[in-house]
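Q: I am sharing data.pdb, which consists of PDB, N, CA and C atoms:
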```
ATOM      1  N   MET S  49      12.785  -2.554   9.130
ATOM      2  CA  MET S  49      11.533  -2.985   9.724
ATOM      3  C   MET S  49      10.524  -3.205   8.611
ATOM      4  N   LYS S  50       9.700  -4.207   8.782
ATOM      5  CA  LYS S  50       8.638  -4.477   7.826
ATOM      6  C   LYS S  50       7.361  -3.770   8.267
ATOM      7  N   TYR S  51       6.608  -3.322   7.278
ATOM      8  CA  TYR S  51       5.344  -2.650   7.525
ATOM      9  C   TYR S  51       4.242  -3.336   6.728
ATOM     10  N   GLN S  52       3.093  -3.487   7.363
ATOM     11  CA  GLN S  52       1.914  -4.011   6.683
ATOM     12  C   GLN S  52       1.083  -2.809   6.252
ATOM     13  N   VAL S  53       0.829  -2.707   4.958
ATOM     14  CA  VAL S  53       0.100  -1.567   4.398
ATOM     15  C   VAL S  53      -1.245  -2.065   3.881
ATOM     16  N   THR S  54      -2.320  -1.436   4.326
ATOM     17  CA  THR S  54      -3.655  -1.768   3.864
ATOM     18  C   THR S  54      -4.165  -0.612   3.013
ATOM     19  N   CYS S  55      -4.613  -0.932   1.790
ATOM     20  CA  CYS S  55      -5.090   0.077   0.851
ATOM     21  C   CYS S  55      -6.518  -0.235   0.428
ATOM     22  N   ARG S  56      -7.288   0.805   0.215
ATOM     23  CA  ARG S  56      -8.638   0.682  -0.326
ATOM     24  C   ARG S  56      -8.566   1.101  -1.780
ATOM     25  N   LEU S  57      -8.963   0.212  -2.689
ATOM     26  CA  LEU S  57      -8.903   0.483  -4.120
ATOM     27  C   LEU S  57     -10.309   0.629  -4.688
ATOM     28  N   THR S  58     -10.507   1.671  -5.470
ATOM     29  CA  THR S  58     -11.777   1.842  -6.174
ATOM     30  C   THR S  58     -11.467   2.070  -7.650
ATOM     31  N   HIS S  59     -12.351   1.544  -8.490
ATOM     32  CA  HIS S  59     -12.196   1.641  -9.939
ATOM     33  C   HIS S  59     -13.588   1.799 -10.532
ATOM     34  N   PRO S  60     -13.736   2.610 -11.560
ATOM     35  CA  PRO S  60     -15.068   2.816 -12.129
ATOM     36  C   PRO S  60     -15.693   1.549 -12.724
ATOM     37  N   ASN S  61     -14.883   0.584 -13.125
ATOM     38  CA  ASN S  61     -15.409  -0.622 -13.769
ATOM     39  C   ASN S  61     -15.485  -1.842 -12.859
ATOM     40  N   TYR S  62     -14.935  -1.766 -11.660
ATOM     41  CA  TYR S  62     -14.877  -2.918 -10.768
ATOM     42  C   TYR S  62     -15.406  -2.564  -9.386
ATOM     43  N   LEU S  63     -15.721  -3.586  -8.614
ATOM     44  CA  LEU S  63     -16.138  -3.370  -7.234
ATOM     45  C   LEU S  63     -14.937  -2.917  -6.400
ATOM     46  N   PRO S  64     -15.173  -2.155  -5.336
ATOM     47  CA  PRO S  64     -14.060  -1.743  -4.473
ATOM     48  C   PRO S  64     -13.387  -2.956  -3.836
ATOM     49  N   ALA S  65     -12.099  -2.816  -3.563
ATOM     50  CA  ALA S  65     -11.334  -3.912  -2.980
ATOM     51  C   ALA S  65     -10.399  -3.371  -1.912
ATOM     52  N   THR S  66      -9.992  -4.258  -1.018
ATOM     53  CA  THR S  66      -8.997  -3.944  -0.005
ATOM     54  C   THR S  66      -7.779  -4.818  -0.274
ATOM     55  N   VAL S  67      -6.601  -4.187  -0.309
ATOM     56  CA  VAL S  67      -5.359  -4.897  -0.597
ATOM     57  C   VAL S  67      -4.415  -4.732   0.580
ATOM     58  N   VAL S  68      -3.777  -5.825   0.977
ATOM     59  CA  VAL S  68      -2.769  -5.797   2.032
ATOM     60  C   VAL S  68      -1.442  -6.196   1.411
ATOM     61  N   THR S  69      -0.427  -5.375   1.628
ATOM     62  CA  THR S  69       0.909  -5.664   1.120
ATOM     63  C   THR S  69       1.935  -5.365   2.201
ATOM     64  N   PHE S  70       3.120  -5.910   2.058
ATOM     65  CA  PHE S  70       4.191  -5.687   3.022
ATOM     66  C   PHE S  70       5.326  -4.945   2.336
ATOM     67  N   VAL S  71       5.872  -3.955   3.032
ATOM     68  CA  VAL S  71       7.033  -3.219   2.522
ATOM     69  C   VAL S  71       8.113  -3.240   3.585
ATOM     70  N   ASP S  72       9.348  -3.128   3.125
ATOM     71  CA  ASP S  72      10.497  -3.124   4.021
ATOM     72  C   ASP S  72      11.130  -1.744   3.967
ATOM     73  N   ALA S  73      11.256  -1.079   5.119
ATOM     74  CA  ALA S  73      11.846   0.257   5.173
ATOM     75  C   ALA S  73      12.555   0.426   6.511
ATOM     76  N   HIS S  74      13.685   1.116   6.463
ATOM     77  CA  HIS S  74      14.469   1.345   7.675
ATOM     78  C   HIS S  74      14.327   2.764   8.207
ATOM     79  N   THR S  75      13.890   3.699   7.343
ATOM     80  CA  THR S  75      13.706   5.091   7.758
ATOM     81  C   THR S  75      12.332   5.563   7.286
ATOM     82  N   HIS S  76      11.915   6.711   7.790
ATOM     83  CA  HIS S  76      10.638   7.278   7.361
ATOM     84  C   HIS S  76      10.685   7.657   5.884
ATOM     85  N   CYS S  77      11.834   8.100   5.421
ATOM     86  CA  CYS S  77      11.995   8.454   4.009
ATOM     87  C   CYS S  77      11.802   7.221   3.123
ATOM     88  N   GLU S  78      12.386   6.095   3.507
ATOM     89  CA  GLU S  78      12.211   4.848   2.757
ATOM     90  C   GLU S  78      10.763   4.385   2.794
ATOM     91  N   LEU S  79      10.095   4.573   3.925
ATOM     92  CA  LEU S  79       8.683   4.197   4.034
ATOM     93  C   LEU S  79       7.832   5.057   3.108
ATOM     94  N   ASP S  80       8.085   6.354   3.081
ATOM     95  CA  ASP S  80       7.346   7.245   2.180
ATOM     96  C   ASP S  80       7.550   6.845   0.724
ATOM     97  N   THR S  81       8.775   6.492   0.368
ATOM     98  CA  THR S  81       9.070   6.067  -0.997
ATOM     99  C   THR S  81       8.336   4.770  -1.331
ATOM    100  N   ALA S  82       8.331   3.820  -0.417
ATOM    101  CA  ALA S  82       7.649   2.550  -0.638
ATOM    102  C   ALA S  82       6.138   2.753  -0.785
ATOM    103  N   LEU S  83       5.566   3.620   0.026
ATOM    104  CA  LEU S  83       4.127   3.902  -0.078
ATOM    105  C   LEU S  83       3.804   4.584  -1.403
ATOM    106  N   ALA S  84       4.684   5.469  -1.854
ATOM    107  CA  ALA S  84       4.474   6.128  -3.146
ATOM    108  C   ALA S  84       4.520   5.113  -4.284
ATOM    109  N   LYS S  85       5.430   4.134  -4.206
ATOM    110  CA  LYS S  85       5.520   3.103  -5.243
ATOM    111  C   LYS S  85       4.252   2.260  -5.302
ATOM    112  N   VAL S  86       3.722   1.908  -4.137
ATOM    113  CA  VAL S  86       2.477   1.136  -4.089
ATOM    114  C   VAL S  86       1.338   1.945  -4.710
ATOM    115  N   THR S  87       1.261   3.212  -4.371
ATOM    116  CA  THR S  87       0.205   4.077  -4.892
ATOM    117  C   THR S  87       0.314   4.233  -6.402
ATOM    118  N   VAL S  88       1.510   4.498  -6.895
ATOM    119  CA  VAL S  88       1.715   4.690  -8.335
ATOM    120  C   VAL S  88       1.397   3.413  -9.106
ATOM    121  N   LYS S  89       1.745   2.260  -8.543
ATOM    122  CA  LYS S  89       1.477   0.985  -9.206
ATOM    123  C   LYS S  89      -0.014   0.816  -9.483
ATOM    124  N   TRP S  90      -0.845   1.096  -8.482
ATOM    125  CA  TRP S  90      -2.283   0.914  -8.654
ATOM    126  C   TRP S  90      -2.901   2.035  -9.482
ATOM    127  N   GLN S  91      -2.397   3.258  -9.343
ATOM    128  CA  GLN S  91      -2.926   4.365 -10.139
ATOM    129  C   GLN S  91      -2.653   4.159 -11.623
ATOM    130  N   ALA S  92      -1.525   3.528 -11.959
ATOM    131  CA  ALA S  92      -1.212   3.245 -13.359
ATOM    132  C   ALA S  92      -2.224   2.279 -13.967
ATOM    133  N   ARG S  93      -2.865   1.480 -13.131
ATOM    134  CA  ARG S  93      -3.886   0.535 -13.597
ATOM    135  C   ARG S  93      -5.286   1.130 -13.575
ATOM    136  N   GLY S  94      -5.402   2.409 -13.240
ATOM    137  CA  GLY S  94      -6.691   3.096 -13.268
ATOM    138  C   GLY S  94      -7.444   3.128 -11.956
ATOM    139  N   TYR S  95      -6.823   2.708 -10.870
ATOM    140  CA  TYR S  95      -7.486   2.679  -9.570
ATOM    141  C   TYR S  95      -7.276   3.985  -8.816
ATOM    142  N   ILE S  96      -8.206   4.299  -7.954
ATOM    143  CA  ILE S  96      -8.049   5.371  -6.977
ATOM    144  C   ILE S  96      -7.627   4.689  -5.683
ATOM    145  N   VAL S  97      -6.497   5.104  -5.125
ATOM    146  CA  VAL S  97      -5.887   4.429  -3.983
ATOM    147  C   VAL S  97      -6.029   5.288  -2.738
ATOM    148  N   ARG S  98      -6.454   4.647  -1.658
ATOM    149  CA  ARG S  98      -6.511   5.309  -0.351
ATOM    150  C   ARG S  98      -5.820   4.394   0.653
ATOM    151  N   ILE S  99      -4.684   4.836   1.177
ATOM    152  CA  ILE S  99      -3.973   4.043   2.180
ATOM    153  C   ILE S  99      -4.709   4.220   3.502
ATOM    154  N   THR S 100      -5.201   3.122   4.050
ATOM    155  CA  THR S 100      -6.017   3.201   5.251
ATOM    156  C   THR S 100      -5.266   2.871   6.529
ATOM    157  N   LYS S 101      -4.207   2.037   6.406
ATOM    158  CA  LYS S 101      -3.526   1.608   7.614
ATOM    159  C   LYS S 101      -2.083   1.219   7.302
ATOM    160  N   VAL S 102      -1.166   1.618   8.191
ATOM    161  CA  VAL S 102       0.231   1.194   8.102
ATOM    162  C   VAL S 102       0.622   0.710   9.490
ATOM    163  N   ILE S 103       1.010  -0.572   9.579
ATOM    164  CA  ILE S 103       1.344  -1.185  10.872
ATOM    165  C   ILE S 103       2.766  -1.723  10.798
ATOM    166  N   GLY S 104       3.565  -1.421  11.791
ATOM    167  CA  GLY S 104       4.912  -1.986  11.888
ATOM    168  C   GLY S 104       4.832  -3.426  12.362
ATOM    169  N   CYS S 105       5.589  -4.319  11.724
ATOM    170  CA  CYS S 105       5.589  -5.742  12.057
ATOM    171  C   CYS S 105       6.956  -6.149  12.601
ATOM    172  N   GLN S 106       6.969  -7.129  13.455
ATOM    173  CA  GLN S 106       8.215  -7.687  13.950
ATOM    174  C   GLN S 106       8.911  -8.427  12.829
ATOM    175  N   ARG S 107      10.196  -8.273  12.738
ATOM    176  CA  ARG S 107      10.964  -8.993  11.722
ATOM    177  C   ARG S 107      11.132 -10.437  12.170
ATOM    178  N   ALA S 108      10.862 -11.371  11.273
ATOM    179  CA  ALA S 108      10.942 -12.795  11.615
ATOM    180  C   ALA S 108      12.350 -13.317  11.504
TER     181      ALA S 108
END
```
Could you write out this file's structure as structure tokens?
A:
Amino acid sequence: MKYQVTCRLTHPNYLPATVVTFVDAHTHCELDTALAKVTVKWQARGYIVRITKVIGCQRA
């Protein structure tokens, strides 16, 4: 199943932003792993990440 993930990003040098990304996961464990990867990706760039919404999407 695909999930739409909405994140709020804040950085000391930039204005806050909202990012929407899609992840593919079949179990809750896979979803947790995918969310952790998204978080780590932005934290490595110096952002503070807050996941605000996770919505399940119909597979096309």
Q: What does the distance from atom C of Val68 of chain S to atom C of Lys50 of chain S come to in Å, to one decimal?
A: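 Straight-line distance from atom C of Val68 of chain S to atom C of Lys50 of chain S works out to 11.4 Å.
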Q: Around segment 79-90 of chain S, with edges along x, y and z and 8 Å added on all six sides, what centre and edge lengths do you get, in Å to one decimal, as AutoDock Vina command-line options?
A:
```
--center_x 3.6 --center_y 4.0 --center_z -2.7 --size_x 29.0 --size_y 22.4 --size_z 29.5
```
Q: For the file shown, report as a list in words the outcome of the PyMOL selection byres (((chain S and resi 69 and name CA) around 10) and name CA) at residue level.
A: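 Going through the file, the PyMOL selection byres (((chain S and resi 69 and name CA) around 10) and name CA) ends up selecting Tyr51, Gln52, Val53, Thr54, Cys55, Val67, Val68, Phe70, Val71, Val86 and Val102 of chain S.
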Q: Please return, as a ChimeraX atom specification, all residues of chain S that DSSP assigns to strand (DSSP E or B) on the basis of the backbone.
A: /S:50-59,62-72,96-105
Q: Rounded to one decimal, what separation in Å do you get between atom N of Thr81 of chain S and atom N of Ala65 of chain S?
A: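 The value is 23.2 Å.
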Q: What does the PyMOL selection byres ((chain S and resi 96) around 8) select in this file, as a PyMOL selection string?
A: chain S and resi 55-60+87+90-95+97-99
Q: Generate the output file for the selected residues, N, CA and C atoms, as an mmCIF file, in the coordinates of the input.
A:
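Resulting contents of selection.cif:
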```
data_model
loop_
_atom_site.group_PDB
_atom_site.id
_atom_site.type_symbol
_atom_site.label_atom_id
_atom_site.label_comp_id
_atom_site.auth_asym_id
_atom_site.auth_seq_id
_atom_site.Cartn_x
_atom_site.Cartn_y
_atom_site.Cartn_z
ATOM 1 N N CYS S 55 -4.613 -0.932 1.790
ATOM 2 C CA CYS S 55 -5.090 0.077 0.851
ATOM 3 C C CYS S 55 -6.518 -0.235 0.428
ATOM 4 N N ARG S 56 -7.288 0.805 0.215
ATOM 5 C CA ARG S 56 -8.638 0.682 -0.326
ATOM 6 C C ARG S 56 -8.566 1.101 -1.780
ATOM 7 N N LEU S 57 -8.963 0.212 -2.689
ATOM 8 C CA LEU S 57 -8.903 0.483 -4.120
ATOM 9 C C LEU S 57 -10.309 0.629 -4.688
ATOM 10 N N THR S 58 -10.507 1.671 -5.470
ATOM 11 C CA THR S 58 -11.777 1.842 -6.174
ATOM 12 C C THR S 58 -11.467 2.070 -7.650
ATOM 13 N N HIS S 59 -12.351 1.544 -8.490
ATOM 14 C CA HIS S 59 -12.196 1.641 -9.939
ATOM 15 C C HIS S 59 -13.588 1.799 -10.532
ATOM 16 N N PRO S 60 -13.736 2.610 -11.560
ATOM 17 C CA PRO S 60 -15.068 2.816 -12.129
ATOM 18 C C PRO S 60 -15.693 1.549 -12.724
ATOM 19 N N THR S 87 1.261 3.212 -4.371
ATOM 20 C CA THR S 87 0.205 4.077 -4.892
ATOM 21 C C THR S 87 0.314 4.233 -6.402
ATOM 22 N N TRP S 90 -0.845 1.096 -8.482
ATOM 23 C CA TRP S 90 -2.283 0.914 -8.654
ATOM 24 C C TRP S 90 -2.901 2.035 -9.482
ATOM 25 N N GLN S 91 -2.397 3.258 -9.343
ATOM 26 C CA GLN S 91 -2.926 4.365 -10.139
ATOM 27 C C GLN S 91 -2.653 4.159 -11.623
ATOM 28 N N ALA S 92 -1.525 3.528 -11.959
ATOM 29 C CA ALA S 92 -1.212 3.245 -13.359
ATOM 30 C C ALA S 92 -2.224 2.279 -13.967
ATOM 31 N N ARG S 93 -2.865 1.480 -13.131
ATOM 32 C CA ARG S 93 -3.886 0.535 -13.597
ATOM 33 C C ARG S 93 -5.286 1.130 -13.575
ATOM 34 N N GLY S 94 -5.402 2.409 -13.240
ATOM 35 C CA GLY S 94 -6.691 3.096 -13.268
ATOM 36 C C GLY S 94 -7.444 3.128 -11.956
ATOM 37 N N TYR S 95 -6.823 2.708 -10.870
ATOM 38 C CA TYR S 95 -7.486 2.679 -9.570
ATOM 39 C C TYR S 95 -7.276 3.985 -8.816
ATOM 40 N N VAL S 97 -6.497 5.104 -5.125
ATOM 41 C CA VAL S 97 -5.887 4.429 -3.983
ATOM 42 C C VAL S 97 -6.029 5.288 -2.738
ATOM 43 N N ARG S 98 -6.454 4.647 -1.658
ATOM 44 C CA ARG S 98 -6.511 5.309 -0.351
ATOM 45 C C ARG S 98 -5.820 4.394 0.653
ATOM 46 N N ILE S 99 -4.684 4.836 1.177
ATOM 47 C CA ILE S 99 -3.973 4.043 2.180
ATOM 48 C C ILE S 99 -4.709 4.220 3.502
#
```
Q: State, in Å with one decimal place, the distance from atom N of Thr66 of chain S to atom CA of Met49 of chain S.
A: 24.1 Å
Q: Can you check which residues of segment 59-107 of chain S DSSP gives as helix (DSSP H, G or I) on the backbone and send them as number ranges by chain?
A: S: 76-92
Q: My structure is short of atoms at segment 56-67 of chain S; please model all heavy atoms there, returning them as a tab-separated table (two decimals), in the coordinates of the input.
A:
```tsv
chain	number	residue	atom	x	y	z
S	56	ARG	N	-7.29	0.80	0.22
S	56	ARG	CA	-8.64	0.68	-0.33
S	56	ARG	C	-8.57	1.10	-1.78
S	56	ARG	O	-8.12	2.21	-2.09
S	56	ARG	CB	-9.59	1.58	0.45
S	56	ARG	CG	-11.00	1.52	0.00
S	56	ARG	CD	-11.64	0.26	0.48
S	56	ARG	NE	-13.07	0.33	0.18
S	56	ARG	CZ	-13.83	-0.71	0.09
S	56	ARG	NH1	-13.35	-1.89	0.32
S	56	ARG	NH2	-15.09	-0.59	-0.19
S	57	LEU	N	-8.96	0.21	-2.69
S	57	LEU	CA	-8.90	0.48	-4.12
S	57	LEU	C	-10.31	0.63	-4.69
S	57	LEU	O	-11.18	-0.20	-4.42
S	57	LEU	CB	-8.20	-0.66	-4.85
S	57	LEU	CG	-6.80	-1.02	-4.38
S	57	LEU	CD1	-6.31	-2.24	-5.15
S	57	LEU	CD2	-5.85	0.13	-4.56
S	58	THR	N	-10.51	1.67	-5.47
S	58	THR	CA	-11.78	1.84	-6.17
S	58	THR	C	-11.47	2.07	-7.65
S	58	THR	O	-10.46	2.67	-8.01
S	58	THR	CB	-12.59	3.03	-5.62
S	58	THR	OG1	-11.79	4.21	-5.66
S	58	THR	CG2	-13.03	2.78	-4.20
S	59	HIS	N	-12.35	1.54	-8.49
S	59	HIS	CA	-12.20	1.64	-9.94
S	59	HIS	C	-13.59	1.80	-10.53
S	59	HIS	O	-14.54	1.18	-10.05
S	59	HIS	CB	-11.52	0.37	-10.47
S	59	HIS	CG	-11.06	0.48	-11.88
S	59	HIS	ND1	-11.91	0.36	-12.96
S	59	HIS	CD2	-9.83	0.71	-12.40
S	59	HIS	CE1	-11.21	0.51	-14.08
S	59	HIS	NE2	-9.94	0.72	-13.76
S	60	PRO	N	-13.74	2.61	-11.56
S	60	PRO	CA	-15.07	2.82	-12.13
S	60	PRO	C	-15.69	1.55	-12.72
S	60	PRO	O	-16.92	1.44	-12.79
S	60	PRO	CB	-14.85	3.86	-13.22
S	60	PRO	CG	-13.42	4.18	-13.26
S	60	PRO	CD	-12.73	3.45	-12.18
S	61	ASN	N	-14.88	0.58	-13.12
S	61	ASN	CA	-15.41	-0.62	-13.77
S	61	ASN	C	-15.48	-1.84	-12.86
S	61	ASN	O	-16.02	-2.87	-13.27
S	61	ASN	CB	-14.55	-0.98	-14.98
S	61	ASN	CG	-14.57	0.11	-16.02
S	61	ASN	OD1	-15.55	0.83	-16.17
S	61	ASN	ND2	-13.47	0.26	-16.75
S	62	TYR	N	-14.94	-1.77	-11.66
S	62	TYR	CA	-14.88	-2.92	-10.77
S	62	TYR	C	-15.41	-2.56	-9.39
S	62	TYR	O	-15.48	-1.39	-9.02
S	62	TYR	CB	-13.43	-3.43	-10.63
S	62	TYR	CG	-12.77	-3.74	-11.94
S	62	TYR	CD1	-11.73	-2.95	-12.40
S	62	TYR	CD2	-13.19	-4.81	-12.73
S	62	TYR	CE1	-11.12	-3.22	-13.62
S	62	TYR	CE2	-12.59	-5.08	-13.94
S	62	TYR	CZ	-11.55	-4.29	-14.38
S	62	TYR	OH	-10.96	-4.57	-15.58
S	63	LEU	N	-15.72	-3.59	-8.61
S	63	LEU	CA	-16.14	-3.37	-7.23
S	63	LEU	C	-14.94	-2.92	-6.40
S	63	LEU	O	-13.80	-3.27	-6.70
S	63	LEU	CB	-16.70	-4.67	-6.65
S	63	LEU	CG	-18.03	-5.14	-7.24
S	63	LEU	CD1	-18.38	-6.52	-6.69
S	63	LEU	CD2	-19.13	-4.16	-6.92
S	64	PRO	N	-15.17	-2.15	-5.34
S	64	PRO	CA	-14.06	-1.74	-4.47
S	64	PRO	C	-13.39	-2.96	-3.84
S	64	PRO	O	-14.01	-3.99	-3.61
S	64	PRO	CB	-14.73	-0.89	-3.40
S	64	PRO	CG	-16.04	-0.49	-3.98
S	64	PRO	CD	-16.44	-1.58	-4.92
S	65	ALA	N	-12.10	-2.82	-3.56
S	65	ALA	CA	-11.33	-3.91	-2.98
S	65	ALA	C	-10.40	-3.37	-1.91
S	65	ALA	O	-10.05	-2.19	-1.89
S	65	ALA	CB	-10.53	-4.62	-4.05
S	66	THR	N	-9.99	-4.26	-1.02
S	66	THR	CA	-9.00	-3.94	0.00
S	66	THR	C	-7.78	-4.82	-0.27
S	66	THR	O	-7.90	-6.02	-0.45
S	66	THR	CB	-9.54	-4.22	1.41
S	66	THR	OG1	-10.73	-3.45	1.59
S	66	THR	CG2	-8.53	-3.83	2.46
S	67	VAL	N	-6.60	-4.19	-0.31
S	67	VAL	CA	-5.36	-4.90	-0.60
S	67	VAL	C	-4.42	-4.73	0.58
S	67	VAL	O	-4.28	-3.64	1.13
S	67	VAL	CB	-4.70	-4.33	-1.87
S	67	VAL	CG1	-3.34	-4.96	-2.10
S	67	VAL	CG2	-5.59	-4.55	-3.07
```
